[in-house]
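protein_25.cif (mmCIF, C-alpha atoms)
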```cif
data_data
loop_
_atom_site.label_atom_id
_atom_site.label_comp_id
_atom_site.auth_asym_id
_atom_site.auth_seq_id
_atom_site.Cartn_x
_atom_site.Cartn_y
_atom_site.Cartn_z
CA MET A 1 109.91 79.59 101.76
CA SER A 2 110.47 83.01 103.35
CA GLY A 3 113.55 85.07 102.49
CA ALA A 4 114.78 84.95 106.09
CA ARG A 5 114.56 81.15 106.22
CA ARG A 6 116.32 80.86 102.85
CA THR A 7 119.19 83.08 104.10
CA ARG A 8 119.47 81.11 107.36
CA LEU A 9 119.51 77.83 105.45
CA MET A 10 122.23 79.02 103.09
CA GLU A 11 124.41 80.05 106.03
CA ASN A 12 123.92 76.99 108.23
CA PHE A 13 123.04 74.33 105.71
CA PRO A 14 124.95 75.02 102.49
CA HIS A 15 124.13 71.61 100.96
CA THR A 16 120.72 70.53 99.68
CA TYR A 17 119.88 66.91 98.85
CA TYR A 18 116.82 64.97 97.82
CA VAL A 19 116.02 61.56 99.25
CA TYR A 20 112.76 59.68 99.99
CA GLY A 21 110.87 62.65 98.52
CA ILE A 22 112.34 64.85 101.28
CA THR A 23 114.49 67.95 100.92
CA LEU A 24 117.47 67.55 103.20
CA HIS A 25 119.23 70.82 104.14
CA SER A 26 122.62 69.69 105.33
CA GLY A 27 125.57 71.28 107.04
CA ILE A 28 127.83 68.55 105.66
CA PRO A 29 128.36 67.09 102.20
CA LEU A 30 126.64 63.75 101.64
CA SER A 31 126.66 61.23 98.82
CA LEU A 32 123.05 61.94 97.81
CA PRO A 33 121.46 63.40 94.67
CA VAL A 34 121.55 67.21 94.48
CA ARG A 35 118.63 67.19 92.07
CA GLY A 36 115.33 65.46 92.41
CA TYR A 37 111.95 65.64 94.05
CA GLY A 38 111.81 66.84 97.64
CA GLY A 39 108.33 68.23 98.05
CA LEU A 40 107.03 65.88 100.75
CA ALA A 41 108.87 67.51 103.67
CA GLU A 42 112.04 69.28 104.77
CA ILE A 43 114.64 68.25 107.33
CA ASP A 44 117.59 70.29 108.61
CA LEU A 45 120.69 68.20 109.29
CA ARG A 46 123.67 69.49 111.21
CA MET A 47 126.79 68.10 112.83
CA ALA A 48 127.17 68.73 116.56
CA PRO A 49 130.06 68.25 119.01
CA ALA A 50 130.21 65.50 121.65
CA SER A 51 129.32 68.01 124.38
CA PHE A 52 126.00 68.79 122.66
CA PHE A 53 124.94 65.16 122.93
CA SER A 54 126.26 64.57 126.45
CA ASP A 55 124.37 67.69 127.63
CA ALA A 56 121.19 66.61 125.83
CA ILE A 57 121.09 63.12 127.34
CA ALA A 58 122.22 64.05 130.85
CA GLY A 59 119.85 62.19 133.19
CA VAL A 60 118.18 60.30 130.35
CA SER A 61 118.20 56.52 130.72
CA LEU A 62 119.35 54.79 127.57
CA GLU A 63 118.06 51.38 126.63
CA GLN A 64 119.51 48.79 124.34
CA ALA A 65 117.03 48.25 121.56
CA SER A 66 116.13 44.57 121.61
CA GLY A 67 117.12 42.72 118.45
CA SER A 68 119.40 45.56 117.46
CA TRP A 69 122.73 46.95 118.57
CA TYR A 70 121.88 50.57 119.08
CA GLN A 71 121.01 52.45 122.22
CA ILE A 72 118.01 54.73 122.36
CA GLY A 73 116.77 57.39 124.73
CA ARG A 74 113.61 59.48 124.72
CA LEU A 75 114.02 63.04 125.95
CA ALA A 76 111.38 65.00 127.88
CA ASP A 77 110.88 67.42 124.97
CA GLY A 78 109.92 64.55 122.62
CA SER A 79 113.34 64.28 120.96
CA SER A 80 114.87 60.86 120.32
CA TYR A 81 118.54 60.05 120.88
CA MET A 82 120.26 57.05 119.32
CA ARG A 83 123.80 55.81 119.28
CA TRP A 84 125.62 53.08 117.39
CA GLU A 85 128.99 52.15 118.89
CA HIS A 86 131.87 52.85 116.50
CA VAL A 87 129.49 54.61 114.07
CA GLY A 88 127.87 57.74 115.50
CA GLU A 89 125.16 59.37 117.58
CA PHE A 90 122.03 61.24 116.57
CA LEU A 91 119.41 63.50 118.13
CA ILE A 92 116.10 63.92 116.30
CA SER A 93 113.64 66.62 117.31
CA GLY A 94 110.13 65.44 118.22
CA ASP A 95 108.60 67.18 115.19
CA GLY A 96 111.10 65.42 112.94
CA ARG A 97 112.34 68.67 111.37
CA ARG A 98 115.85 68.73 112.86
CA MET A 99 118.55 66.08 113.02
CA SER A 100 121.82 66.58 114.88
CA CYS A 101 124.59 64.09 114.20
CA ARG A 102 128.11 63.18 115.21
CA GLN A 103 130.29 60.72 113.34
CA PHE A 104 132.64 58.72 115.56
CA ASP A 105 136.34 58.76 114.72
CA ARG A 106 136.76 55.26 113.37
CA ALA A 107 133.52 55.19 111.32
CA THR A 108 133.63 55.54 107.56
CA CYS A 109 131.45 58.22 105.97
CA GLU A 110 129.55 55.51 104.10
CA SER A 111 128.76 53.54 107.22
CA PHE A 112 127.75 56.70 109.09
CA GLU A 113 125.42 57.71 106.25
CA VAL A 114 123.74 54.30 106.17
CA TYR A 115 122.69 54.60 109.81
CA MET A 116 121.89 58.29 109.50
CA LEU A 117 119.70 57.86 106.41
CA GLY A 118 118.13 54.64 107.68
CA GLN A 119 117.15 54.08 111.28
CA ALA A 120 117.98 57.63 112.49
CA LEU A 121 116.12 59.33 109.65
CA SER A 122 113.12 57.08 110.25
CA TYR A 123 112.56 58.87 113.59
CA ALA A 124 112.42 62.18 111.73
CA LEU A 125 110.04 60.70 109.15
CA VAL A 126 107.69 59.28 111.79
CA GLY A 127 107.92 62.64 113.60
CA GLN A 128 106.63 64.26 110.40
CA ALA A 129 103.74 61.75 110.17
CA PHE A 130 105.23 59.48 107.51
CA GLU A 131 104.96 55.72 107.78
CA PRO A 132 108.29 54.30 106.53
CA ILE A 133 108.17 50.70 105.36
CA HIS A 134 110.88 48.04 105.51
CA ALA A 135 111.21 47.27 101.80
CA THR A 136 113.53 47.19 98.81
CA VAL A 137 112.21 48.42 95.48
CA VAL A 138 113.24 47.92 91.85
CA VAL A 139 111.95 49.70 88.76
CA VAL A 140 110.43 47.58 85.98
CA ASN A 141 109.26 49.37 82.84
CA GLY A 142 109.12 52.67 84.70
CA GLU A 143 107.08 51.34 87.63
CA ALA A 144 107.99 50.29 91.14
CA VAL A 145 108.01 46.66 92.23
CA VAL A 146 108.17 46.49 96.02
CA PHE A 147 109.68 43.66 98.09
CA LEU A 148 108.58 43.73 101.73
CA GLY A 149 110.51 41.76 104.29
CA ASP A 150 112.43 41.76 107.51
CA SER A 151 116.24 41.79 107.63
CA GLY A 152 117.61 38.52 106.28
CA PHE A 153 114.54 37.70 104.15
CA GLY A 154 116.45 38.34 100.91
CA LYS A 155 115.06 41.70 99.75
CA SER A 156 118.41 43.15 98.70
CA THR A 157 119.61 39.88 97.16
CA LEU A 158 116.49 39.69 95.01
CA ALA A 159 116.92 43.34 94.05
CA ALA A 160 120.57 42.64 93.13
CA SER A 161 119.41 39.91 90.77
CA PHE A 162 117.11 42.47 89.09
CA ILE A 163 120.01 44.96 88.85
CA SER A 164 122.16 42.28 87.22
CA ALA A 165 119.39 41.85 84.61
CA GLY A 166 119.47 45.56 83.76
CA TYR A 167 116.76 46.96 86.05
CA GLN A 168 117.26 49.93 88.37
CA LEU A 169 117.06 50.08 92.15
CA LEU A 170 114.72 52.67 93.65
CA THR A 171 115.47 52.14 97.32
CA ASP A 172 117.06 49.55 99.59
CA ASP A 173 115.60 48.95 103.05
CA LEU A 174 113.50 52.06 103.71
CA LEU A 175 110.52 53.00 101.57
CA ILE A 176 108.21 55.99 101.60
CA LEU A 177 104.90 55.52 99.79
CA ARG A 178 102.42 58.29 99.09
CA GLU A 179 99.04 58.28 97.38
CA THR A 180 98.43 61.01 94.79
CA HIS A 181 95.13 61.17 92.90
CA GLY A 182 94.39 57.52 93.63
CA ARG A 183 97.85 56.31 92.52
CA LEU A 184 100.50 55.04 94.84
CA PHE A 185 104.01 56.47 94.41
CA ALA A 186 107.30 55.11 95.75
CA TYR A 187 110.11 57.58 96.50
CA PRO A 188 113.81 57.01 95.78
CA GLY A 189 116.27 56.27 98.56
CA PRO A 190 120.07 56.76 98.55
CA PRO A 191 121.69 55.30 95.41
CA ARG A 192 123.32 52.31 97.10
CA ILE A 193 122.60 48.74 98.06
CA LYS A 194 123.79 46.66 101.02
CA LEU A 195 124.94 43.14 100.17
CA PHE A 196 127.15 40.38 101.46
CA PRO A 197 130.39 40.07 99.43
CA ARG A 198 129.35 36.76 97.84
CA THR A 199 126.05 38.26 96.66
CA ALA A 200 127.77 41.40 95.41
CA ARG A 201 130.31 39.36 93.41
CA ARG A 202 127.58 37.15 91.99
CA PHE A 203 125.21 39.89 90.82
CA LEU A 204 127.16 43.12 90.56
CA GLY A 205 130.38 41.59 89.30
CA THR A 206 132.53 43.17 91.98
CA ALA A 207 132.71 43.61 95.70
CA ALA A 208 135.82 45.75 95.49
CA ASP A 209 133.85 49.01 95.59
CA GLY A 210 131.99 47.97 98.73
CA ILE A 211 132.65 49.47 102.14
CA PRO A 212 131.85 47.45 105.30
CA MET A 213 128.65 48.56 107.02
CA ASN A 214 130.16 48.12 110.46
CA ARG A 215 132.93 46.12 112.06
CA ASP A 216 130.58 43.34 113.21
CA THR A 217 129.22 42.34 109.81
CA GLN A 218 130.60 41.39 106.44
CA LYS A 219 127.80 43.25 104.70
CA LEU A 220 129.03 45.85 102.24
CA ILE A 221 127.66 49.21 101.15
CA LEU A 222 127.82 49.37 97.35
CA PRO A 223 127.20 52.70 95.62
CA LEU A 224 125.13 52.46 92.43
CA ASP A 225 125.58 54.73 89.43
CA ARG A 226 122.68 56.40 87.58
CA ARG A 227 122.43 53.47 85.18
CA ARG A 228 121.66 51.13 88.07
CA SER A 229 119.58 53.41 90.32
CA CYS A 230 116.52 55.57 89.79
CA SER A 231 116.29 59.00 91.44
CA LEU A 232 112.68 59.86 90.56
CA PRO A 233 109.42 58.89 92.27
CA VAL A 234 107.60 56.17 90.34
CA SER A 235 104.11 54.74 90.60
CA VAL A 236 103.82 51.34 92.25
CA LYS A 237 103.03 48.38 90.03
CA ALA A 238 103.07 45.54 92.55
CA ILE A 239 103.94 44.64 96.13
CA PHE A 240 105.40 41.27 97.11
CA ALA A 241 105.90 40.16 100.72
CA LEU A 242 108.92 37.85 100.99
CA ALA A 243 108.36 34.72 103.04
CA SER A 244 110.57 34.17 106.05
CA PRO A 245 113.52 31.81 105.30
CA ARG A 246 112.05 29.47 107.94
CA GLU A 247 108.86 29.11 105.88
CA VAL A 248 110.67 28.12 102.69
CA PHE A 249 112.00 24.66 101.95
CA ARG A 250 115.26 24.50 100.04
CA ARG A 251 113.93 22.27 97.27
CA GLN A 252 110.52 23.82 96.75
CA PRO A 253 109.86 25.81 93.59
CA VAL A 254 109.34 29.58 93.66
CA ARG A 255 105.80 30.25 94.86
CA LEU A 256 103.48 33.24 94.59
CA LYS A 257 100.24 33.45 96.53
CA PRO A 258 97.76 36.32 96.73
CA LEU A 259 97.15 37.52 100.28
CA SER A 260 93.69 38.34 101.59
CA PRO A 261 93.26 42.01 102.57
CA ARG A 262 93.56 40.97 106.24
CA GLU A 263 96.82 39.09 105.60
CA ALA A 264 98.12 41.98 103.47
CA PHE A 265 97.32 44.46 106.24
CA LEU A 266 99.22 42.41 108.82
CA GLU A 267 102.21 42.07 106.44
CA LEU A 268 102.33 45.85 106.06
CA VAL A 269 102.18 46.38 109.80
CA LYS A 270 104.86 43.72 110.38
CA ASN A 271 107.09 45.54 107.92
CA THR A 272 106.84 48.95 109.44
CA PHE A 273 110.38 50.38 109.45
CA ASN A 274 110.43 51.98 112.87
CA TYR A 275 108.53 50.06 115.54
CA ARG A 276 110.13 51.80 118.51
CA ILE A 277 107.72 54.72 118.36
CA THR A 278 104.39 53.34 119.58
CA ASP A 279 102.44 56.30 120.91
CA GLY A 280 98.71 56.29 120.27
CA ALA A 281 98.79 58.87 117.49
CA ARG A 282 101.42 56.89 115.58
CA LEU A 283 99.59 53.59 115.98
CA GLN A 284 96.31 55.12 114.82
CA ARG A 285 98.05 56.60 111.78
CA GLN A 286 99.73 53.29 111.02
CA PHE A 287 96.37 51.50 111.23
CA THR A 288 94.72 54.00 108.87
CA GLU A 289 97.63 54.03 106.42
CA ALA A 290 97.87 50.25 106.22
CA SER A 291 94.08 49.97 105.70
CA ARG A 292 94.27 52.51 102.86
CA LEU A 293 97.29 50.86 101.23
CA VAL A 294 95.58 47.47 101.21
CA ARG A 295 92.58 48.97 99.43
CA LEU A 296 94.87 50.54 96.80
CA MET A 297 97.18 47.64 96.05
CA PRO A 298 96.94 43.85 96.45
CA ILE A 299 99.93 42.10 98.03
CA ARG A 300 101.30 38.71 97.04
CA LYS A 301 103.40 36.41 99.18
CA LEU A 302 106.61 35.33 97.47
CA SER A 303 108.48 32.22 98.63
CA ILE A 304 111.97 31.76 97.22
CA PRO A 305 114.34 28.93 98.24
CA ARG A 306 117.59 30.23 99.74
CA ASN A 307 119.67 29.42 96.71
CA PHE A 308 121.26 31.82 94.22
CA SER A 309 120.35 29.53 91.34
CA GLU A 310 116.62 30.02 92.10
CA LEU A 311 116.78 33.79 91.76
CA PRO A 312 116.49 34.00 87.95
CA SER A 313 113.32 31.90 88.07
CA ALA A 314 112.00 34.07 90.93
CA ARG A 315 112.70 37.13 88.78
CA GLU A 316 110.91 35.57 85.82
CA ALA A 317 107.93 34.62 88.00
CA ILE A 318 107.66 38.19 89.23
CA LEU A 319 107.94 39.62 85.71
CA ALA A 320 105.29 37.17 84.46
CA GLU A 321 103.03 38.19 87.34
CA LEU A 322 103.27 41.80 86.21
CA LYS A 323 102.32 41.07 82.61
CA PRO A 324 98.54 40.46 82.81
CA GLN A 325 98.05 43.80 84.52
CA GLN A 326 100.19 45.50 81.88
CA LEU A 327 98.00 43.95 79.18
CA GLU A 328 94.88 45.11 80.99
CA ALA A 329 96.29 48.62 81.16
CA LEU A 330 97.06 48.52 77.44
CA ALA A 331 93.54 47.35 76.68
CA CYS A 332 92.11 50.23 78.71
CA ALA A 333 94.35 52.70 76.85
CA ASP A 334 92.99 51.42 73.52
CA MET B 1 83.36 30.56 130.59
CA ILE B 2 79.59 30.92 130.12
CA HIS B 3 78.51 34.54 129.76
CA PRO B 4 74.95 35.73 130.47
CA PHE B 5 73.33 36.10 127.06
CA THR B 6 71.27 39.01 128.39
CA PHE B 7 74.48 41.04 128.37
CA ARG B 8 75.52 43.21 125.48
CA VAL B 9 79.01 43.50 124.01
CA SER B 10 80.60 46.86 123.36
CA VAL B 11 83.94 47.64 121.75
CA ALA B 12 86.50 48.63 124.38
CA PRO B 13 87.80 52.19 124.26
CA ASP B 14 91.09 52.49 122.36
CA VAL B 15 90.22 49.64 119.98
CA LEU B 16 90.29 50.35 116.24
CA PHE B 17 88.41 48.03 113.92
CA GLN B 18 88.35 47.86 110.14
CA VAL B 19 86.38 45.50 107.91
CA MET B 20 88.34 44.31 104.84
CA GLY B 21 86.10 42.41 102.47
CA GLU B 22 84.69 39.55 104.52
CA GLU B 23 87.55 39.74 107.03
CA ALA B 24 88.64 42.38 109.50
CA VAL B 25 91.62 43.73 111.41
CA MET B 26 91.77 45.48 114.74
CA LEU B 27 94.24 47.24 116.96
CA ASN B 28 94.17 47.70 120.69
CA LEU B 29 96.00 50.97 121.27
CA LYS B 30 96.49 50.21 124.96
CA THR B 31 98.17 46.83 124.50
CA GLU B 32 99.60 47.73 121.03
CA LEU B 33 98.27 44.41 119.75
CA TYR B 34 97.11 43.92 116.18
CA LEU B 35 94.63 41.16 115.45
CA GLY B 36 93.04 39.72 112.31
CA LEU B 37 89.63 38.07 112.12
CA ASP B 38 88.60 35.57 109.46
CA ALA B 39 85.18 35.77 107.78
CA MET B 40 83.37 33.86 110.53
CA GLY B 41 85.08 35.83 113.30
CA THR B 42 84.24 39.09 111.56
CA ARG B 43 80.55 38.18 111.31
CA MET B 44 80.49 37.18 114.98
CA TRP B 45 82.22 40.43 115.98
CA LEU B 46 79.84 42.59 113.94
CA LEU B 47 76.72 40.88 115.27
CA LEU B 48 77.98 40.90 118.86
CA THR B 49 79.00 44.56 118.88
CA GLU B 50 75.93 45.79 116.99
CA SER B 51 73.25 43.76 118.76
CA PRO B 52 71.46 44.91 121.93
CA SER B 53 72.33 41.56 123.58
CA ILE B 54 74.47 38.47 123.07
CA GLN B 55 71.21 36.53 122.76
CA LEU B 56 70.16 38.54 119.67
CA ALA B 57 73.57 38.02 118.09
CA TYR B 58 73.28 34.30 118.85
CA ASP B 59 69.79 34.17 117.28
CA SER B 60 71.04 35.84 114.09
CA LEU B 61 74.04 33.50 113.83
CA LEU B 62 71.80 30.49 114.32
CA GLU B 63 69.67 31.66 111.41
CA GLU B 64 72.64 32.41 109.16
CA TYR B 65 74.77 29.31 109.73
CA ASP B 66 74.03 25.61 109.60
CA VAL B 67 75.28 24.85 113.11
CA GLU B 68 74.09 22.94 116.16
CA PRO B 69 72.71 25.40 118.76
CA ALA B 70 74.87 23.91 121.54
CA ARG B 71 78.01 24.15 119.45
CA LEU B 72 77.28 27.75 118.47
CA GLU B 73 76.67 28.65 122.11
CA ARG B 74 80.01 27.09 123.09
CA GLU B 75 81.92 28.78 120.26
CA LEU B 76 80.32 32.15 120.94
CA ASN B 77 81.32 31.92 124.61
CA GLU B 78 84.89 30.94 123.63
CA PHE B 79 85.05 33.83 121.17
CA ILE B 80 83.86 36.28 123.84
CA ASP B 81 86.45 34.83 126.24
CA LYS B 82 89.26 35.47 123.77
CA LEU B 83 88.09 39.02 123.09
CA LEU B 84 87.88 39.74 126.82
CA GLU B 85 91.35 38.28 127.37
CA GLN B 86 92.74 40.73 124.81
CA SER B 87 90.74 43.64 126.33
CA LEU B 88 89.00 44.18 123.01
CA ILE B 89 85.43 44.22 124.33
CA GLU B 90 83.47 45.04 127.46
CA LEU B 91 80.30 43.37 128.75
CA GLY B 92 77.34 45.23 130.21
CA PRO B 93 73.62 44.80 130.77
CA GLY B 94 71.76 44.37 127.49
CA GLU B 95 68.19 44.32 126.27
CA LEU B 96 65.92 41.28 126.43
CA SER B 97 66.27 38.78 123.61
CA THR B 98 63.54 38.28 121.00
CA SER B 99 63.31 34.59 121.82
CA GLY B 100 62.57 35.47 125.42
CA MET B 101 64.99 32.79 126.65
CA PRO B 102 67.93 34.65 128.12
CA ARG B 103 70.77 32.43 129.27
#
```

Let me see the structure of the file written as structure tokens.
Amino acid sequence: MSGARRTRLMENFPHTYYVYGITLHSGIPLSLPVRGYGGLAEIDLRMAPASFFSDAIAGVSLEQASGSWYQIGRLADGSSYMRWEHVGEFLISGDGRRMSCRQFDRATCESFEVYMLGQALSYALVGQAFEPIHATVVVVNGEAVVFLGDSGFGKSTLAASFISAGYQLLTDDLLILRETHGRLFAYPGPPRIKLFPRTARRFLGTAADGIPMNRDTQKLILPLDRRRSCSLPVSVKAIFALASPREVFRRQPVRLKPLSPREAFLELVKNTFNYRITDGARLQRQFTEASRLVRLMPIRKLSIPRNFSELPSAREAILAELKPQQLEALACAD
Amino acid sequence: MIHPFTFRVSVAPDVLFQVMGEEAVMLNLKTELYLGLDAMGTRMWLLLTESPSIQLAYDSLLEEYDVEPARLERELNEFIDKLLEQSLIELGPGELSTSGMPR
């Protein structure tokens, strides 16, 4: 980094954080790790007044994103604007290097950060040629175990059951994967998990520390301490795609099924985090990335009945599934 | 629909294709549609898009698979129909078949 850029950053962005393998230069304090790995990319984050956003989107038609409750607009210069009522608004430059944000009056900092570091940040990540994945990840024996799945498929609940058994969370909802020397690495997200109060009480012992995500849901944002979250990139051990609740019968046992490379590819594409950006370059990159990922790592389909009492056996099934590979690795080391 | 077997099949522009083991996936960048092919579909796609005519692809499939000629002809036409519907292929004049019996 040049001396001039360092000086400018210190003046405008006095806070530096590390999340998803990215260095985040921020004009505002955030509840993110101040130490960690951030070598994949850099993003400058600043707060801006209401007039900045109203000027930027003058004449831009906003559309309601289907299946979601945020509005989005694409600006002529390639920037993306998004707005969540009662939470905040964001403008992301087309190259993904700059994010401008405004927190609305009634929003909590925690809620604002969830949207900023989730959906809004995903535009910056895609702008910088990353392919964010919709997944929650836990760390088992120092390696990442990935759960792919759409909202409501039970990723966070399954992760909470792992946390209750003493394992750490790596990321909840958004995952960045990168291949280094033939190994796949998963990068840590913000140290928090989003759960419904009943799930939080069941697995984390308390829901008192949780802050509502927004006023239309009961879902809580629960910060996790260092004992329960991992802030370092870890290599990926296994990827499981959670079956849709509609595919799982309440009384069936926990099931694991290997997916063919074709099925695994389609699961990865289905679980892309940001599917609003669909220009040709992005789609080509997504196609190439998913093809490469499938060659690196098999994916198994995991069907779990929607019942808390089934989660310990799901956890045990996953842990048992990891063991043969661990034994193979040990045999190779010998 | 019955397609002239003297025609050749070419992959439409803006279509990405990737073989994965015996299966394959493809993406049409124009329609933003992803598609998966099973082992049989992948073999049909490869022969169709690499052969100088549909007839030659048909001849190869007839040799490879234990299938009634009429049934293969029907299934090949249906497969080509589906690919055309999704704008994944284009048809154009091909070269004469080895069997000398263009349809």

Residues near A:Tyr37, cut-off 10 Å, all atoms listed in the file, skip fewer than 2 positions along chain, as a VMD selection string: chain A and resid 17 to 23 33 to 35 39 to 40 187 to 188 231 to 233

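When all atoms listed in the file are used to measure the gap to A:Leu220, the shortest distance among A:Leu170, A:Ala290, A:Ala200, A:Ile239 belongs to A:Ala200.
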
Can I get the residues of chain B within 9 Å of chain A, each with the closest pair of atoms and their distance in Å to one decimal, using all atoms listed in the file, sorted chain first then ascending number, as JSON lines?
```
{"residue": "B:Asp14", "atom": "CA", "partner": "A:Gly280", "partner_atom": "CA", "distance": 8.8}
{"residue": "B:Leu16", "atom": "CA", "partner": "A:Gln284", "partner_atom": "CA", "distance": 7.8}
{"residue": "B:Gln18", "atom": "CA", "partner": "A:Ser291", "partner_atom": "CA", "distance": 7.5}
{"residue": "B:Val19", "atom": "CA", "partner": "A:Arg262", "partner_atom": "CA", "distance": 8.7}
{"residue": "B:Met20", "atom": "CA", "partner": "A:Pro261", "partner_atom": "CA", "distance": 5.9}
{"residue": "B:Gly21", "atom": "CA", "partner": "A:Pro261", "partner_atom": "CA", "distance": 7.2}
{"residue": "B:Glu23", "atom": "CA", "partner": "A:Arg262", "partner_atom": "CA", "distance": 6.2}
{"residue": "B:Ala24", "atom": "CA", "partner": "A:Arg262", "partner_atom": "CA", "distance": 6.1}
{"residue": "B:Val25", "atom": "CA", "partner": "A:Arg262", "partner_atom": "CA", "distance": 6.2}
{"residue": "B:Met26", "atom": "CA", "partner": "A:Phe287", "partner_atom": "CA", "distance": 8.3}
{"residue": "B:Leu27", "atom": "CA", "partner": "A:Phe287", "partner_atom": "CA", "distance": 7.5}
{"residue": "B:Leu29", "atom": "CA", "partner": "A:Gly280", "partner_atom": "CA", "distance": 6.1}
{"residue": "B:Lys30", "atom": "CA", "partner": "A:Gly280", "partner_atom": "CA", "distance": 8.0}
{"residue": "B:Glu32", "atom": "CA", "partner": "A:Thr278", "partner_atom": "CA", "distance": 7.5}
{"residue": "B:Tyr34", "atom": "CA", "partner": "A:Leu266", "partner_atom": "CA", "distance": 7.8}
{"residue": "B:Leu35", "atom": "CA", "partner": "A:Leu266", "partner_atom": "CA", "distance": 8.2}
{"residue": "B:Gly36", "atom": "CA", "partner": "A:Arg262", "partner_atom": "CA", "distance": 6.2}
{"residue": "B:Leu37", "atom": "CA", "partner": "A:Arg262", "partner_atom": "CA", "distance": 7.6}
{"residue": "B:Asp38", "atom": "CA", "partner": "A:Arg262", "partner_atom": "CA", "distance": 8.0}
```

Between atom CA of A:Leu311 and atom CA of A:Arg183 - distance in Å to one decimal: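 Taking atom CA of A:Arg183 as the start and atom CA of A:Leu311 as the end point, the length is 29.4 Å.
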
Shell around stretch 72-85 of chain B at 7 Å using all atoms listed in the file, local window under 4 positions removed, as a list in words: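 Counting only the stated atoms, we get Met1, Ile2, His3, Val67, Glu68, Ile89 and Glu90 of chain B.
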
Distance in Å - atom CA of A:Arg178 versus atom CA of A:Gly149: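 Value for the atom CA of A:Arg178-atom CA of A:Gly149 distance: 19.1 Å.
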
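Picked out by the PyMOL selection byres ((chain A and resi 229) around 9) when it runs on this file: A:Val138, A:Val139, A:Ile163, A:Tyr167, A:Gln168, A:Leu169, A:Leu170, A:Thr171, A:Pro188, A:Pro190, A:Pro191, A:Arg192, A:Leu224, A:Asp225, A:Arg226, A:Arg227, A:Arg228, A:Cys230, A:Ser231.
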
Length of the atom CA of A:Leu32 to atom CA of A:Arg106 vector [Å]: 21.8 Å
